[in-house]
Amino acid sequence: DSHIQYERVGADVTMKCGSMDWDAAVTWTANGTDIDESHLNGSYLILKNVDLSQSGQYSCYEGSSWHLKYQTYLRVGTPPKEPVLMCRSNNYPKGFYCSWHLPTPTYIPNSFNISVIHGTKDMVCEKDAVPKNRCHIRYLQLFSTLKYKVTLTVTNALGKNFTTLTFDEFAIVKPDPPESVVAKPVPNNPRRLEVSWQNPSSWPDPESFPLKFFLRYRPLILDQWQHVELSDGTSHTITDAYAGKEYIIQVAAKDNDIGTWSDWSVAVHATPWTEEPKHLTTEAQITETTSASTSSFMAPPTTKICDKGAVVGSGAMAVCWTAGLVVAAYSVLFI
Amino acid sequence: MAAADSPSTALRRRDLCSRGIRLAGKMRADVIDLLDAYVEQQGLDASASVAAVEGMPLAAVERWDEQTGTQRLLENLAAYRAFHALLAQMLEEQREQLGEADAGLGRALAAVLLQVSAFAYHLEELLRLENRGIPGEEEDGPPPPPRLSLFEQKLRGLGVLRELAQWAVRSVRDLRQLAKPSPATGAAPGLADSP
């Protein structure tokens, strides 16, 4: 008969060849490969201090007839450590979900059992098909001060472990991050960026349960974030951006009254509007241009200042510079 | 079925709901501050379980989203009237036991008591707007509760403040529901079809 045998890493394992006597002549194989006689004690197979690599199919054959007398599948693993459990409501007030995982693998199958008690009442946490390590509960009551107690027990052939979370209804409310964050320059405004976003689609009723938002932004070249908290609306205009600098922007959400802030949204990048560089073909135009403010006269970073055929100065030489060097170049040329 | 709201009624309701939401929000913030101070000064464990307090309205509700507007207003009004009595009792006990020792706590309790009164009045205004009768307050009030030990009084106070904080959140949600215009009648949802 073939069956599965579970053993702990580091254990000493003795396998008997079915009903064969101790002194019977037998041959053991592991995954089809003969096992050296040094591992045998009579007809018993002795595996000392087993490790994960020794998992596999072990078979015992009668010496002369090669009849298969015993077969087992050895699975080497560990008992479960205390599982990691998290519960969260990202769809308040509909319900909440709990998800879990093991901090280290056991290498053998585990089963999970979750119990939820609200006050003294048992509740059913319905397991999700995907992902498997998650279940969800619908709130039967709202605004309760009674705590929820969630206990997760993990069991495998080598042992069991459990963990418990206790929380109240408001504490686990954490929306998903805002979606569809868009940041755009504002025409003719070199220091503004218009940011808009949408409520997370998992939040079921933003009208009755409005979210507030936290926006953070910084130029890529700096480490320090600017923050703005917004109590309503799903858009905001940044008015103090550095001209011509590329910005990184993120938004987070929170229920207006309870719970915690969401994770930050996917980051978006944007650069404030800058004036298009004028093509300089005559001295009059050059003279006009040099008296203009340099802070607004910076081409977008990827744009070249002049085409190959453009003429700078009174000579016939055409010079092309990438952004950042334009102002310095003009200053040098026209000193 | 009631006729659609007049524009002025709808505007007045939205205005009352908005102000009510702000009142409830401020009340909640003050109750939470009071709760922190109360726990510290009474030497309590903030996470202590408290037995149900007699006469205290529980904020917990099933099928909250199915409640009519009138139900919301009436339940809120009954709750804040009950809290008024409970807080008044807490204030009296506080003054009896501690005298001037915890004047700050007493002042904070009195301030919350005032806000509870104001909010109850606000709810009455909303009910009047909907031409709903204001339920009378019980003349004699509930029978006096049995005399509790000092520790039991402190625990009861903890329970009352916790539940009041919960009610303040519920009230904000209730008023937001009330402020939503109903697409069919133009009235607030549930008010047109209340018993």
# chains A, B, ... in the order shown; residues from 1 in each chain; ligands from 1

$ interface_residues --of "chain A" --to "chain B" --cutoff "9 Å" --atoms "only C-alpha atoms" --output "VMD selection string"
chain A and resid 139 to 146 207 to 209 257 to 258

$ residues_around --residues "Glu137 in chain B" --least-positions-apart "6" --cutoff "10 Å" --atoms "only C-alpha atoms" --output "list of chain:residue names"
B:Ala78, B:Arg81, B:Ala82

$ residues_around --residues "Pro135 in chain B" --least-positions-apart "5" --cutoff "12 Å" --atoms "only C-alpha atoms" --output "list in words"
Thr70, Leu73, Leu74, Glu75, Asn76, Leu77, Ala78, Arg81, Ala120, Leu123, Glu124, Leu127 and Arg128 of chain B

$ atom_distance --atom1 "CA of Tyr58 in chain A" --atom2 "CA of Gly32 in chain A"
7.9 Å

$ residues_around --residues "Glu93 in chain B" --least-positions-apart "4" --cutoff "12 Å" --atoms "only C-alpha atoms" --output "list in words"
Leu86, Leu87, Ala88, Gln89, Gln97, Leu98, Gly99, Asp102, Leu105, Gly106, Leu109, Arg147, Leu148, Ser149, Leu150, Phe151, Glu152, Gln153, Lys154, Arg156 and Gly157 of chain B

$ residues_around --residues "Glu130 in chain B" --least-positions-apart "3" --cutoff "9 Å" --atoms "only C-alpha atoms" --output "list in words"
Thr9, Arg13, Thr70, Glu125, Leu126, Leu127, Gly133 and Leu191 of chain B

$ atom_distance --atom1 "CA of Leu85 in chain A" --atom2 "CA of Asn113 in chain A"
11.9 Å

$ residues_around --residues "range 87-99 of chain A" --least-positions-apart "2" --cutoff "6 Å" --atoms "only C-alpha atoms" --output "mmCIF file with C-alpha atoms, in the first residue's frame"
data_model
loop_
_atom_site.group_PDB
_atom_site.id
_atom_site.type_symbol
_atom_site.label_atom_id
_atom_site.label_comp_id
_atom_site.auth_asym_id
_atom_site.auth_seq_id
_atom_site.Cartn_x
_atom_site.Cartn_y
_atom_site.Cartn_z
ATOM 1 C CA LEU A 85 -3.158 37.755 10.345
ATOM 2 C CA ASN A 133 -5.757 32.857 2.251
ATOM 3 C CA ARG A 134 -8.537 35.373 2.654
ATOM 4 C CA CYS A 135 -12.123 35.503 3.873
ATOM 5 C CA HIS A 136 -14.710 38.232 4.156
ATOM 6 C CA ILE A 137 -17.526 39.154 6.512
ATOM 7 C CA ARG A 138 -20.530 41.371 6.016
ATOM 8 C CA TYR A 139 -21.282 43.727 8.865
ATOM 9 C CA ILE A 172 -9.727 48.568 10.735
ATOM 10 C CA VAL A 173 -11.309 50.927 8.215
ATOM 11 C CA LYS A 174 -8.661 51.695 5.600
ATOM 12 C CA PRO A 175 -9.690 52.532 2.048
ATOM 13 C CA ASP A 176 -7.752 51.457 -1.021
ATOM 14 C CA SER A 202 -13.870 49.416 -3.805
ATOM 15 C CA TRP A 203 -15.374 52.184 -1.617
ATOM 16 C CA PRO A 204 -19.091 51.491 -2.033
#

$ atom_distance --atom1 "CA of Asp23 in chain A" --atom2 "CA of Leu45 in chain A"
12.2 Å

$ residues_around --residues "Gln71 in chain A" --least-positions-apart "2" --cutoff "10 Å" --atoms "only C-alpha atoms" --output "PyMOL selection string"
chain A and resi 1-4+15-18+28-30+57-61+68-69+73-74
